[in-house]
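Enquirer: The following file, target24.txt, comprises compact mmCIF, C-alpha atoms and all ligand atoms:
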# COMPACT_ATOMS: atom_id res chain seq x y z
CA MET A 1 -27.57 16.57 -47.92
CA CYS A 2 -26.88 19.66 -45.90
CA PRO A 3 -24.94 22.03 -48.03
CA ARG A 4 -25.79 25.08 -45.93
CA THR A 5 -25.96 23.61 -42.42
CA CYS A 6 -23.10 21.15 -42.72
CA ALA A 7 -20.41 23.57 -41.72
CA LYS A 8 -22.45 24.74 -38.75
CA LEU A 9 -23.17 21.18 -37.64
CA MET A 10 -19.53 20.33 -38.00
CA ALA A 11 -18.52 23.36 -35.93
CA GLU A 12 -21.03 22.45 -33.23
CA PHE A 13 -19.83 18.86 -33.17
CA GLU A 14 -16.24 19.99 -32.87
CA ALA A 15 -17.04 22.39 -30.01
CA ASP A 16 -19.03 19.77 -28.20
CA ARG A 17 -16.29 17.20 -28.70
CA ALA A 18 -13.62 19.60 -27.45
CA ASP A 19 -15.74 20.29 -24.37
CA ARG A 20 -16.19 16.66 -23.70
CA LEU A 21 -12.53 15.86 -24.13
CA ARG A 22 -11.61 18.72 -21.80
CA GLY A 23 -13.93 17.29 -19.18
CA VAL A 24 -12.36 13.87 -19.61
CA ASP A 25 -8.85 15.33 -19.38
CA GLU A 26 -9.71 17.13 -16.15
CA GLY A 27 -11.45 14.05 -14.83
CA GLU A 28 -8.38 11.95 -15.54
CA ARG A 29 -6.18 14.44 -13.74
CA ASP A 30 -8.52 14.43 -10.74
CA ARG A 31 -8.58 10.67 -10.84
CA VAL A 32 -4.80 10.59 -10.45
CA THR A 33 -5.20 12.69 -7.29
CA LEU A 34 -7.94 10.39 -6.03
CA ALA A 35 -5.85 7.30 -6.78
CA ALA A 36 -3.00 8.75 -4.73
CA GLU A 37 -5.41 9.46 -1.89
CA ALA A 38 -6.77 5.92 -2.17
CA GLU A 39 -3.25 4.54 -2.02
CA ARG A 40 -2.47 6.63 1.06
CA LYS A 41 -5.64 5.48 2.80
CA TRP A 42 -4.93 1.88 1.83
CA THR A 43 -1.43 1.95 3.32
CA GLU A 44 -2.79 3.65 6.43
CA ALA A 45 -5.57 1.07 6.82
CA GLN A 46 -3.13 -1.80 6.41
CA GLN A 47 -0.77 -0.27 8.96
CA SER A 48 -3.67 0.23 11.27
CA VAL A 49 -4.62 -3.46 10.99
CA THR A 50 -1.03 -4.56 11.67
CA GLU A 51 -0.74 -2.26 14.66
CA LEU A 52 -4.09 -3.27 16.08
CA GLU A 53 -3.30 -6.93 15.65
CA ALA A 54 -0.13 -6.50 17.66
CA LYS A 55 -1.90 -4.37 20.25
CA THR A 56 -4.82 -6.75 20.76
CA ALA A 57 -2.43 -9.72 20.96
CA SER A 58 -0.42 -8.11 23.74
CA LEU A 59 -3.57 -6.92 25.51
CA GLN A 60 -4.88 -10.46 25.33
CA VAL A 61 -1.78 -11.71 27.13
CA MET A 62 -2.06 -8.94 29.70
CA VAL A 63 -5.72 -9.71 30.31
CA GLU A 64 -4.90 -13.36 30.94
CA GLN A 65 -2.15 -12.45 33.39
CA LEU A 66 -4.27 -9.88 35.16
CA GLU A 67 -7.14 -12.31 35.41
CA ALA A 68 -4.87 -14.83 37.10
CA ARG A 69 -3.61 -12.15 39.48
CA LYS A 70 -7.12 -10.99 40.23
CA SER A 71 -8.22 -14.56 41.07
CA GLU A 72 -5.23 -15.04 43.34
CA GLU A 73 -5.85 -11.72 45.09
CA GLU A 74 -9.50 -12.57 45.53
CA ARG A 75 -8.55 -15.91 47.02
CA VAL A 76 -6.22 -14.22 49.51
CA GLU A 77 -8.87 -11.65 50.35
CA LEU A 78 -11.46 -14.32 51.01
CA GLU A 79 -9.06 -16.24 53.19
CA GLN A 80 -8.16 -13.17 55.21
CA ARG A 81 -11.79 -12.14 55.49
CA ARG A 82 -12.68 -15.54 56.89
CA ALA A 83 -9.89 -15.21 59.44
CA GLN A 84 -11.05 -11.73 60.39
CA VAL A 85 -14.65 -12.86 60.78
CA GLU A 86 -13.53 -15.75 62.92
CA LYS A 87 -11.45 -13.46 65.10
CA ALA A 88 -14.33 -11.01 65.46
CA GLN A 89 -16.66 -13.86 66.36
CA ASP A 90 -14.23 -15.18 68.97
CA GLU A 91 -13.97 -11.74 70.52
CA LEU A 92 -17.70 -11.37 70.49
CA LEU A 93 -18.25 -14.74 72.12
CA GLU A 94 -15.68 -13.85 74.71
CA GLN A 95 -17.16 -10.46 75.46
CA LEU A 96 -20.69 -11.76 75.64
CA GLY A 97 -19.46 -14.47 78.02
CA LEU A 98 -20.61 -17.28 75.76
CA THR A 99 -17.30 -19.16 75.82
CA GLU A 100 -17.87 -20.37 79.35
CA LEU A 101 -21.12 -22.09 78.46
CA SER A 102 -21.34 -25.81 77.83
CA THR A 103 -22.71 -27.10 74.56
CA ARG A 104 -25.90 -27.99 76.34
CA GLN A 105 -26.29 -24.49 77.77
CA LEU A 106 -25.55 -22.99 74.40
CA ALA A 107 -28.14 -25.26 72.85
CA THR A 108 -30.66 -24.22 75.53
CA LEU A 109 -29.91 -20.61 74.74
CA VAL A 110 -30.52 -21.18 71.05
CA LEU A 111 -33.81 -22.89 71.87
CA GLU A 112 -34.83 -20.02 74.13
CA LEU A 113 -34.03 -17.57 71.40
CA GLY A 114 -35.92 -19.64 68.91
CA ARG A 115 -38.92 -19.85 71.14
CA HIS A 116 -39.18 -16.31 72.49
CA GLY A 117 -36.81 -14.27 70.38
CA VAL A 118 -35.50 -11.12 71.96
CA GLU A 119 -37.24 -7.77 72.21
CA ASN A 120 -34.01 -5.87 72.72
CA LYS A 121 -30.31 -6.23 73.30
CA ASP A 122 -30.72 -5.98 77.09
CA ASP A 123 -32.92 -9.07 77.05
CA PHE A 124 -30.32 -10.85 74.99
CA VAL A 125 -27.59 -10.14 77.50
CA LYS A 126 -29.98 -11.16 80.28
CA MET A 127 -30.68 -14.52 78.63
CA ILE A 128 -26.99 -15.20 78.36
CA ARG A 129 -26.55 -14.27 82.01
CA VAL A 130 -29.22 -16.77 83.05
CA GLN A 131 -27.32 -19.53 81.32
CA ARG A 132 -24.04 -18.36 82.83
CA GLU A 133 -25.53 -18.44 86.28
CA ALA A 134 -26.84 -21.92 85.60
CA ALA A 135 -23.34 -22.93 84.55
CA ALA A 136 -21.89 -21.61 87.81
CA ALA A 137 -24.54 -23.39 89.89
CA GLU A 138 -23.69 -26.67 88.21
CA GLY A 139 -20.07 -26.36 89.23
CA ASP A 140 -19.03 -28.00 92.49
CA ASP A 141 -17.45 -24.96 94.03
CA GLU A 142 -20.60 -22.85 93.65
CA LYS A 143 -18.39 -20.02 92.54
CA GLU A 144 -19.70 -16.51 91.98
CA VAL A 145 -20.64 -15.73 88.40
CA THR A 146 -18.06 -13.30 87.18
CA SER A 147 -19.33 -10.53 85.02
CA SER A 148 -18.67 -10.78 81.33
CA ALA A 149 -17.07 -7.87 79.54
CA VAL A 150 -20.41 -6.92 78.12
CA ASP A 151 -22.02 -7.03 81.55
CA GLU A 152 -19.43 -4.52 82.73
CA GLU A 153 -19.87 -2.42 79.62
CA MET A 154 -23.60 -2.41 80.11
CA LYS A 155 -23.37 -1.34 83.72
CA GLU A 156 -21.40 1.71 82.62
CA PHE A 157 -23.67 2.20 79.68
CA ARG A 158 -26.77 2.13 81.84
CA LYS A 159 -25.28 4.71 84.15
CA ARG A 160 -24.55 6.98 81.21
CA ASP A 161 -27.94 6.25 79.73
CA ASP A 162 -29.74 7.13 82.95
CA GLU A 163 -27.81 10.36 83.08
CA ARG A 164 -28.75 11.01 79.46
CA LYS A 165 -32.41 10.41 80.22
CA ARG A 166 -32.30 12.81 83.18
CA GLU A 167 -30.58 15.40 81.01
CA THR A 168 -33.15 14.87 78.28
CA ARG A 169 -36.01 15.44 80.71
CA ARG A 170 -34.34 18.56 82.07
CA ILE A 171 -33.88 20.04 78.61
CA GLU A 172 -37.39 19.11 77.54
CA ARG A 173 -38.70 20.96 80.59
CA GLN A 174 -36.63 23.99 79.66
CA ILE A 175 -37.96 23.91 76.12
CA GLU A 176 -41.51 23.79 77.43
CA GLU A 177 -40.87 26.72 79.79
CA ARG A 178 -39.43 28.78 77.00
CA ARG A 179 -42.44 28.04 74.85
CA LYS A 180 -44.86 29.09 77.58
CA LYS A 181 -42.88 32.23 78.29
CA LYS A 182 -42.98 33.21 74.67
CA GLU A 183 -46.71 32.58 74.44
CA GLN A 184 -47.27 34.76 77.48
CA LYS A 185 -45.22 37.59 76.02
CA GLU A 186 -47.11 37.43 72.78
CA LYS A 187 -50.40 37.52 74.59
CA GLU A 188 -49.36 40.56 76.59
CA ALA A 189 -48.18 42.35 73.49
CA GLN A 190 -51.48 41.66 71.77
CA GLU A 191 -53.42 43.00 74.72
CA ALA A 192 -51.29 46.15 74.82
CA ALA A 193 -51.84 46.69 71.10
CA GLU A 194 -55.57 46.17 71.50
CA ALA A 195 -55.64 48.69 74.37
CA ALA A 196 -53.74 51.20 72.25
CA ARG A 197 -56.21 50.75 69.43
CA VAL A 198 -59.20 51.33 71.73
CA ALA A 199 -57.55 54.40 73.26
CA ALA A 200 -56.79 55.82 69.82
CA GLU A 201 -60.35 55.21 68.74
CA GLU A 202 -61.69 57.03 71.75
CA ALA A 203 -59.32 59.91 71.06
CA GLY A 204 -60.69 60.04 67.51
CA THR A 205 -57.47 58.89 65.80
CA PRO A 206 -58.21 55.23 64.97
CA ILE A 207 -55.37 52.98 63.90
CA GLU A 208 -55.97 50.79 60.82
CA ASP A 209 -56.94 47.27 61.80
CA SER A 210 -54.23 45.39 60.02
CA THR A 211 -51.50 47.23 61.87
CA THR A 212 -52.51 45.98 65.29
CA THR A 213 -52.12 42.49 66.62
CA ASP A 214 -49.82 40.92 64.02
CA GLU A 215 -47.33 43.70 64.29
CA ALA A 216 -47.55 43.63 68.00
CA THR A 217 -46.62 39.96 68.18
CA ALA A 218 -43.92 40.45 65.58
CA GLY A 219 -42.52 43.09 67.84
CA VAL A 220 -41.93 40.60 70.64
CA GLU A 221 -38.21 40.25 70.54
CA GLU A 222 -36.64 36.86 70.87
CA GLU A 223 -34.27 36.90 73.75
CA GLU A 224 -30.73 35.73 73.03
CA GLU A 225 -30.86 32.32 74.64
CA GLU A 226 -28.44 29.44 74.47
CA GLU A 227 -29.59 26.70 72.11
CA LEU A 228 -31.17 23.71 73.78
CA VAL A 229 -29.84 20.43 72.38
CA LEU A 230 -31.06 17.05 73.47
CA PRO A 231 -28.20 14.64 74.28
CA GLU A 232 -27.48 12.05 71.65
CA VAL A 233 -28.59 8.48 72.24
CA GLU A 234 -25.51 6.30 72.61
CA THR A 235 -25.19 3.09 70.61
CA HIS A 236 -25.90 0.04 72.73
CA PRO A 237 -22.70 -1.87 73.65
CA VAL A 238 -24.07 -5.05 72.09
CA ASP A 239 -24.71 -3.16 68.85
CA VAL A 240 -21.15 -1.88 68.96
CA LEU A 241 -19.90 -5.45 69.24
CA PHE A 242 -22.09 -6.65 66.40
CA ALA A 243 -20.97 -3.70 64.26
CA LYS A 244 -17.38 -4.97 64.65
CA LEU A 245 -18.48 -8.36 63.38
CA SER A 246 -20.24 -6.79 60.41
CA ALA A 247 -17.14 -4.74 59.65
CA SER A 248 -15.04 -7.90 59.59
CA GLU A 249 -17.46 -9.40 57.06
CA GLU A 250 -16.87 -6.38 54.82
CA PHE A 251 -13.12 -6.84 54.99
CA ALA A 252 -11.51 -5.93 51.65
CA ARG A 253 -7.89 -5.66 50.58
CA GLU A 254 -6.64 -2.71 48.59
CA GLU A 255 -4.44 -5.04 46.53
CA THR A 256 -7.48 -7.06 45.52
CA ALA A 257 -9.48 -3.97 44.58
CA SER A 258 -6.57 -2.66 42.55
CA ALA A 259 -6.01 -6.04 40.80
CA ARG A 260 -9.71 -6.16 39.97
CA GLN A 261 -9.66 -2.61 38.65
CA GLN A 262 -6.58 -3.25 36.51
CA TYR A 263 -8.15 -6.35 35.06
CA ASP A 264 -11.43 -4.56 34.31
CA GLU A 265 -9.68 -1.61 32.68
CA THR A 266 -7.41 -3.76 30.54
CA LYS A 267 -10.28 -5.98 29.54
CA LYS A 268 -12.26 -2.92 28.52
CA GLU A 269 -9.31 -1.63 26.53
CA LEU A 270 -9.02 -4.98 24.79
CA THR A 271 -12.70 -4.90 23.85
CA THR A 272 -12.29 -1.40 22.42
CA GLU A 273 -9.19 -2.33 20.43
CA GLU A 274 -10.81 -5.52 19.18
CA SER A 275 -13.68 -3.49 17.89
CA ASN A 276 -11.21 -1.05 16.26
CA LEU A 277 -9.45 -4.01 14.67
CA LYS A 278 -12.73 -5.29 13.33
CA THR A 279 -13.45 -1.89 11.81
CA ALA A 280 -9.93 -1.65 10.35
CA ARG A 281 -10.20 -5.15 8.88
CA GLY A 282 -13.55 -4.17 7.44
CA VAL A 283 -11.77 -1.40 5.52
CA VAL A 284 -9.05 -3.59 4.01
CA GLU A 285 -11.37 -6.48 3.26
CA LYS A 286 -13.61 -4.46 0.95
CA ALA A 287 -13.23 -4.22 -2.82
CA TYR A 288 -12.66 -0.70 -4.11
CA GLY A 289 -12.35 -1.26 -7.86
CA PRO A 290 -9.32 -0.59 -10.09
CA ASP A 291 -6.60 1.36 -8.23
CA ARG A 292 -8.86 0.93 -5.18
CA ILE A 293 -10.23 4.23 -6.41
CA LEU A 294 -13.43 4.08 -4.38
CA LEU A 295 -11.46 4.04 -1.13
CA ALA A 296 -10.56 7.67 -1.84
CA VAL A 297 -14.21 8.67 -1.52
CA LYS A 298 -15.29 6.14 1.12
CA ASP A 299 -17.82 7.68 3.51
CA GLU A 300 -18.23 10.80 1.34
CA CYS A 301 -21.83 11.75 0.61
CA ILE A 302 -23.24 13.54 -2.43
CA GLU A 303 -26.57 15.35 -2.41
CA SER A 304 -28.97 16.36 -5.10
CA THR A 305 -32.29 18.14 -4.96
CA SER A 306 -34.72 16.74 -7.46
CA GLY A 307 -38.42 17.55 -7.52
CA LYS A 308 -39.60 17.94 -3.95
CA TYR A 309 -36.91 15.67 -2.48
CA VAL A 310 -33.31 15.88 -1.42
CA TYR A 311 -31.47 12.72 -2.43
CA LYS A 312 -28.26 11.75 -0.77
CA ALA A 313 -25.89 8.88 -1.47
CA CYS A 314 -22.89 7.98 0.65
CA PHE A 315 -20.11 5.74 -0.67
CA PHE A 316 -20.18 2.48 1.27
CA GLY A 317 -22.99 3.93 3.33
CA LYS A 318 -26.63 4.75 2.93
CA ALA A 319 -28.78 6.51 0.36
CA THR A 320 -31.79 8.58 1.33
CA GLN A 321 -34.70 10.48 -0.13
CA ASP A 322 -35.18 13.16 2.53
CA SER A 323 -35.36 10.96 5.63
CA THR A 324 -36.58 7.87 3.76
CA SER A 325 -33.96 5.17 3.33
CA LEU A 326 -33.21 4.13 -0.23
CA GLY A 327 -30.92 1.41 1.03
CA THR A 328 -27.33 0.58 1.90
CA MET A 329 -24.57 0.39 -0.67
CA LYS A 330 -23.91 -3.13 -1.86
CA GLU A 331 -20.34 -4.24 -1.46
CA LEU A 332 -18.43 -4.44 -4.71
CA LYS A 333 -17.45 -7.94 -5.69
CA GLY A 334 -13.76 -8.01 -6.50
CA GLU A 335 -12.91 -5.44 -9.09
CA VAL A 336 -15.58 -3.12 -10.41
CA GLU A 337 -17.07 -4.73 -13.48
CA SER A 338 -15.89 -3.26 -16.73
CA GLU A 339 -17.88 -3.94 -19.80
CA LYS A 340 -15.14 -3.33 -22.31
CA ASP A 341 -16.99 -3.45 -25.59
CA THR A 342 -19.89 -1.34 -24.73
CA ALA A 343 -20.56 1.97 -26.32
CA GLU A 344 -22.23 3.00 -23.05
CA LEU A 345 -18.98 4.16 -21.54
CA ASN A 346 -20.63 5.94 -18.70
CA ASP A 347 -22.33 2.93 -17.20
CA ARG A 348 -19.21 0.99 -16.38
CA TYR A 349 -19.28 1.89 -12.74
CA LYS A 350 -22.56 1.12 -11.09
CA LEU A 351 -23.28 1.54 -7.42
CA ARG A 352 -26.31 -0.15 -5.96
CA PHE A 353 -28.10 0.83 -2.78
CA GLU A 354 -30.52 -1.83 -1.61
CA HIS A 355 -33.07 -2.74 1.00
CA GLY A 356 -34.34 0.71 1.85
CA THR A 357 -37.67 1.50 3.53
CA LYS A 358 -40.40 -0.75 2.23
CA CYS A 359 -42.73 0.80 -0.27
CA TRP A 360 -46.43 0.59 0.47
CA ASN A 361 -47.67 -2.35 -1.56
CA GLY A 362 -44.32 -2.51 -3.30
CA PRO A 363 -40.66 -3.41 -3.02
CA HIS A 364 -38.06 -2.17 -0.59
CA ARG A 365 -36.70 1.06 -2.00
CA SER A 366 -33.44 0.86 -3.95
CA LEU A 367 -31.23 3.19 -5.92
CA ALA A 368 -28.89 2.45 -8.83
CA VAL A 369 -26.19 5.03 -9.44
CA ASP A 370 -24.29 5.09 -12.73
CA VAL A 371 -20.93 6.77 -12.35
CA VAL A 372 -20.06 8.97 -15.32
CA CYS A 373 -16.54 10.22 -16.04
CA GLY A 374 -16.12 13.89 -15.20
CA PRO A 375 -13.97 16.21 -13.12
CA LEU A 376 -14.41 17.19 -9.49
CA PRO A 377 -16.57 18.25 -7.75
CA MET A 378 -18.70 15.16 -7.93
CA GLU A 379 -22.30 15.74 -8.82
CA LEU A 380 -25.38 13.60 -8.38
CA TYR A 381 -27.94 14.31 -11.08
CA ASP A 382 -30.71 12.96 -13.24
CA VAL A 383 -32.47 11.28 -10.30
CA GLN A 384 -35.46 9.30 -11.51
CA GLU A 385 -37.99 6.83 -10.25
CA PRO A 386 -38.50 4.59 -13.30
CA SER A 387 -40.94 2.46 -11.36
CA THR A 388 -42.44 3.07 -7.94
CA CYS A 389 -39.76 3.00 -5.26
CA VAL A 390 -37.05 2.00 -7.72
CA TYR A 391 -34.69 4.93 -8.19
CA SER A 392 -31.85 5.67 -10.56
CA ALA A 393 -29.36 8.51 -10.73
CA LYS A 394 -26.13 9.53 -12.35
CA LEU A 395 -23.00 10.57 -10.58
CA ARG A 396 -20.36 12.62 -12.31
CA SER A 397 -17.03 11.64 -10.84
CA PRO A 398 -13.37 11.22 -11.83
CA ILE A 399 -13.66 7.65 -10.56
CA ALA A 400 -14.86 6.50 -13.96
CA CYS A 401 -12.12 8.31 -15.87
CA ASP A 402 -9.79 5.34 -16.05
CA ALA A 403 -7.62 3.95 -18.86
CA GLU A 404 -10.41 1.76 -20.20
CA HIS A 405 -12.67 4.72 -20.39
CA ARG A 406 -10.01 6.61 -22.37
CA GLU A 407 -9.46 3.68 -24.71
CA ALA A 408 -13.12 3.20 -25.45
CA LEU A 409 -13.61 6.91 -25.82
CA THR A 410 -10.75 7.17 -28.34
CA LYS A 411 -12.19 4.37 -30.45
CA LEU A 412 -15.63 5.83 -30.39
CA ASP A 413 -14.33 9.27 -31.08
CA ALA A 414 -12.40 8.05 -34.15
CA ARG A 415 -15.57 6.43 -35.44
CA MET A 416 -17.57 9.57 -34.88
CA VAL A 417 -15.01 11.83 -36.52
CA SER A 418 -14.91 9.74 -39.63
CA ALA A 419 -18.67 9.58 -39.60
CA VAL A 420 -19.09 13.32 -39.68
CA THR A 421 -16.36 14.24 -42.20
CA PRO A 422 -17.79 16.34 -45.09
CA HIS A 423 -18.03 13.45 -47.62
CA HIS A 424 -20.38 11.64 -45.26
CA ILE A 425 -22.48 14.66 -44.53
CA GLU A 426 -25.76 12.75 -44.47
CA VAL A 427 -24.76 10.93 -41.25
CA GLU A 428 -26.48 12.30 -38.18
CA VAL A 429 -24.53 13.13 -35.09
CA PRO A 430 -25.63 10.65 -32.40
CA ALA A 431 -27.06 12.33 -29.36
CA THR A 432 -24.99 10.16 -27.08
CA LEU A 433 -21.67 11.78 -27.90
C1 LIG A 501 -42.94 8.39 -1.15
C2 LIG A 501 -41.70 8.57 -1.98
C3 LIG A 501 -41.99 8.33 -3.43
C4 LIG A 501 -42.67 6.98 -3.63
C5 LIG A 501 -43.87 6.87 -2.73
C6 LIG A 501 -44.47 5.46 -2.84
O1 LIG A 501 -43.87 9.40 -1.43
O2 LIG A 501 -40.76 7.69 -1.53
O3 LIG A 501 -40.80 8.40 -4.22
O4 LIG A 501 -43.05 6.79 -4.98
O5 LIG A 501 -43.52 7.13 -1.41
O6 LIG A 501 -45.58 5.36 -2.01
Let me see the structure of the file written as structure tokens.
Ligand code: MAN
Expert:
Amino acid sequence: MCPRTCAKLMAEFEADRADRLRGVDEGERDRVTLAAEAERKWTEAQQSVTELEAKTASLQVMVEQLEARKSEEERVELEQRRAQVEKAQDELLEQLGLTELSTRQLATLVLELGRHGVENKDDFVKMIRVQREAAAAEGDDEKEVTSSAVDEEMKEFRKRDDERKRETRRIERQIEERRKKKEQKEKEAQEAAEAARVAAEEAGTPIEDSTTTDEATAGVEEEEEEELVLPEVETHPVDVLFAKLSASEEFAREETASARQQYDETKKELTTEESNLKTARGVVEKAYGPDRILLAVKDECIESTSGKYVYKACFFGKATQDSTSLGTMKELKGEVESEKDTAELNDRYKLRFEHGTKCWNGPHRSLAVDVVCGPLPMELYDVQEPSTCVYSAKLRSPIACDAEHREALTKLDARMVSAVTPHHIEVEVPATL
């Protein structure tokens, strides 16, 4: 019996109950907002999947077409390159004078090359010439060996090269003269400075040592002279011919390059969109509970400082204790479980984070979060570690404020109210409500 405290207890119970119901009311209102947000996101995600499916399908077709075009262009390029190389080879053979040689002479030439190799391009041309002369001697008419194009080229080249060598020697001599002249001037300047120093010393006004020779040489003025440049060495005519052959081997068509580029770019775009589609499908394939309510908060993270740690849990993401992983959120299976007849209203929504960093000598860390009905903002609280590396926490969120919650709450509330009416004053108010 509580004749004196009954009224007070009753008042407290009523205040507490009113508070609680207010929280539930607000939570329910916030849940309506969240449900609308979830619906919006759901429609958006579905649209996104539809769009991406269409986009990837058309990209797929484009990629196939572009691949076919690329192959065709590459085939044409190869064909044209072969023709170019052949043409360049023919020209080269012609210019080197190899076309006039018999198979036997050509074979001899190959053997010669195999046996001795060639030191330089001049030797190469010489070896060819030997064979050409042999070919002429074999002929009945003992005709003169006509010069090949490269022979002619080389004659001119040699003339120019001799001139270049003479010019090089001339300039090198000039450079040497200039160097000597400069040395001489420097020497004279040093001697003059030294003489001045001695004279000053004798006159009793010595000049400080450091201001003598160095400054004297620095004082030697460079005369304005034209720059001496050695003539450039010209590329050997045979090298020029071979360079043409190499260029033909590099032959590339712009059309082929552009077809290749278009194919590569489209293929890359397809890969990107396929990955976007995968992500979008991942969104619509998940379970989000009644009204798909959890989609509204997908990727949101809630933090809580407890003891010396900061705990963080992200919907459909990871949970951490500072930088230590407490696991990844387990996908919900179908609808969120609802245990209708339980008095533990607040435990109906459970989120599990599993397979976090392994505990020393223990399990992989995990966190179980019970979602409790309450208004926004969401709050993570009551973080505990009931056994080593096994964590639990509560999350206040409108998510749990659904119709079933209201129904169960009403029933429980009716029971509680009748339990604490004045004619049953000996009944204790349960701590849970
Ligand atoms: C860290 C934290 C603790 C945990 C120990 C186990 O200190 O993750 O919560 O109990 O490791 O070694």
Enquirer: Mind pulling up the distance from atom CA of Asp299 of chain A to atom CA of Glu274 of chain A?
Expert: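 Taking atom CA of Glu274 of chain A as the start and atom CA of Asp299 of chain A as the end point, the length is 21.7 Å.
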Enquirer: Would you compute the distance between atom CA of Ala393 of chain A and atom CA of Val369 of chain A? Give it in Å to one decimal.
Expert: 4.9 Å
Enquirer: Distance limit 7 Å, reference ligand LIG 501 (chain A), atoms considered: all atoms listed in the file. Which residues make the cut? Give them as a VMD selection string.
Expert: chain A and resid 321 324 359 to 360 385 388 to 389
Enquirer: Using only C-alpha atoms, collect all residues at a distance of at most 12 Å from (-11.7, -5.3, 57.2) as written in the file, then present them as a list in words.
Expert: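 Using only C-alpha atoms, the matching residues come out as Glu77, Leu78, Glu79, Gln80, Arg81, Arg82, Ala83, Gln84, Val85, Lys87, Ala88, Ala243, Lys244, Leu245, Ser246, Ala247, Ser248, Glu249, Glu250, Phe251, Ala252, Arg253 and Glu254 of chain A.
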Enquirer: Do you know which residues are at most 7 Å from Leu228 of chain A counting only C-alpha atoms, after dropping those on the same chain fewer than 2 positions away, and could you put them as a VMD selection string?
Expert: chain A and resid 171 226 230
Enquirer: Would you work out the distance separating atom CA of Phe157 of chain A from atom CA of Glu172 of chain A, expressed in Å to one decimal?
Expert: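 Computing it gives 21.9 Å between the two atoms.
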Enquirer: Using only C-alpha atoms, determine which residues lie at most 6 Å from Gly27 of chain A, disregarding the query and same-chain residues fewer than 2 positions distant; provide the list as a ChimeraX atom specification.
Expert: /A:23-25,29-31,374-375,398,401
Enquirer: Restricting the calculation to only C-alpha atoms: of A:Arg260, A:Lys181, A:His364, A:Arg17, which residue gets closest to Gln65 of chain A?
Expert: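 Closest residue, counting only C-alpha atoms: A:Arg260.
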Enquirer: Which polymer residues, whether protein, DNA or RNA, lie within 10 Å of the coordinate (-3.5, -7.4, 46.8) when you count all atoms listed in the file? List them as number ranges by chain, using the chain letters and numbers from the file.
Expert: A: 69-70, 72-77, 252-260
Enquirer: Mind checking which residues fall within 12 Å of segment 55-63 of chain A, counting all atoms listed in the file, ignoring those fewer than 4 positions away in the same chain, and posting them as a PDB file with C-alpha atoms, in the coordinates of the input?
Expert:
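To be explicit, this is the file written out as selection17.pdb:
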ATOM      1  CA  SER A  48      -3.670   0.230  11.270  1.00  0.00           C
ATOM      2  CA  VAL A  49      -4.620  -3.460  10.990  1.00  0.00           C
ATOM      3  CA  THR A  50      -1.030  -4.560  11.670  1.00  0.00           C
ATOM      4  CA  GLU A  51      -0.740  -2.260  14.660  1.00  0.00           C
ATOM      5  CA  GLU A  67      -7.140 -12.310  35.410  1.00  0.00           C
ATOM      6  CA  ALA A  68      -4.870 -14.830  37.100  1.00  0.00           C
ATOM      7  CA  ARG A  69      -3.610 -12.150  39.480  1.00  0.00           C
ATOM      8  CA  LYS A  70      -7.120 -10.990  40.230  1.00  0.00           C
ATOM      9  CA  ALA A 259      -6.010  -6.040  40.800  1.00  0.00           C
ATOM     10  CA  ARG A 260      -9.710  -6.160  39.970  1.00  0.00           C
ATOM     11  CA  GLN A 261      -9.660  -2.610  38.650  1.00  0.00           C
ATOM     12  CA  GLN A 262      -6.580  -3.250  36.510  1.00  0.00           C
ATOM     13  CA  TYR A 263      -8.150  -6.350  35.060  1.00  0.00           C
ATOM     14  CA  ASP A 264     -11.430  -4.560  34.310  1.00  0.00           C
ATOM     15  CA  GLU A 265      -9.680  -1.610  32.680  1.00  0.00           C
ATOM     16  CA  THR A 266      -7.410  -3.760  30.540  1.00  0.00           C
ATOM     17  CA  LYS A 267     -10.280  -5.980  29.540  1.00  0.00           C
ATOM     18  CA  LYS A 268     -12.260  -2.920  28.520  1.00  0.00           C
ATOM     19  CA  GLU A 269      -9.310  -1.630  26.530  1.00  0.00           C
ATOM     20  CA  LEU A 270      -9.020  -4.980  24.790  1.00  0.00           C
ATOM     21  CA  THR A 271     -12.700  -4.900  23.850  1.00  0.00           C
ATOM     22  CA  THR A 272     -12.290  -1.400  22.420  1.00  0.00           C
ATOM     23  CA  GLU A 273      -9.190  -2.330  20.430  1.00  0.00           C
ATOM     24  CA  GLU A 274     -10.810  -5.520  19.180  1.00  0.00           C
ATOM     25  CA  SER A 275     -13.680  -3.490  17.890  1.00  0.00           C
ATOM     26  CA  ASN A 276     -11.210  -1.050  16.260  1.00  0.00           C
ATOM     27  CA  LEU A 277      -9.450  -4.010  14.670  1.00  0.00           C
ATOM     28  CA  LYS A 278     -12.730  -5.290  13.330  1.00  0.00           C
TER      29      LYS A 278
END
Enquirer: Excluding segment 108-117 of chain A and any residue of its chain fewer than 3 positions from it, enumerate the residues within 12 Å of it, using only C-alpha atoms, and give them as a list in words.
Expert: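 In the requested form, the answer reads Leu98, Leu101, Ser102, Thr103, Arg104, Gln105, Asn120, Lys121, Asp123, Phe124, Val125, Lys126, Met127, Ile128, Arg129, Val130, Gln131, Arg132, Ala134 and Ala135 of chain A.
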Enquirer: Pick out the closest residue to Leu294 of chain A from this set: A:Ala200, A:Leu409, A:Leu332, A:Val145. Count only C-alpha atoms.
Expert: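 Looking at the shortest contact to Leu294 of chain A, the residue is A:Leu332.
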Enquirer: Taking into account all atoms listed in the file, which residue in the set A:Glu331, A:Glu234, A:Glu354, A:Glu379 is nearest to Tyr311 of chain A?
Expert: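 Of all the options, A:Glu379 lies closest to Tyr311 of chain A.
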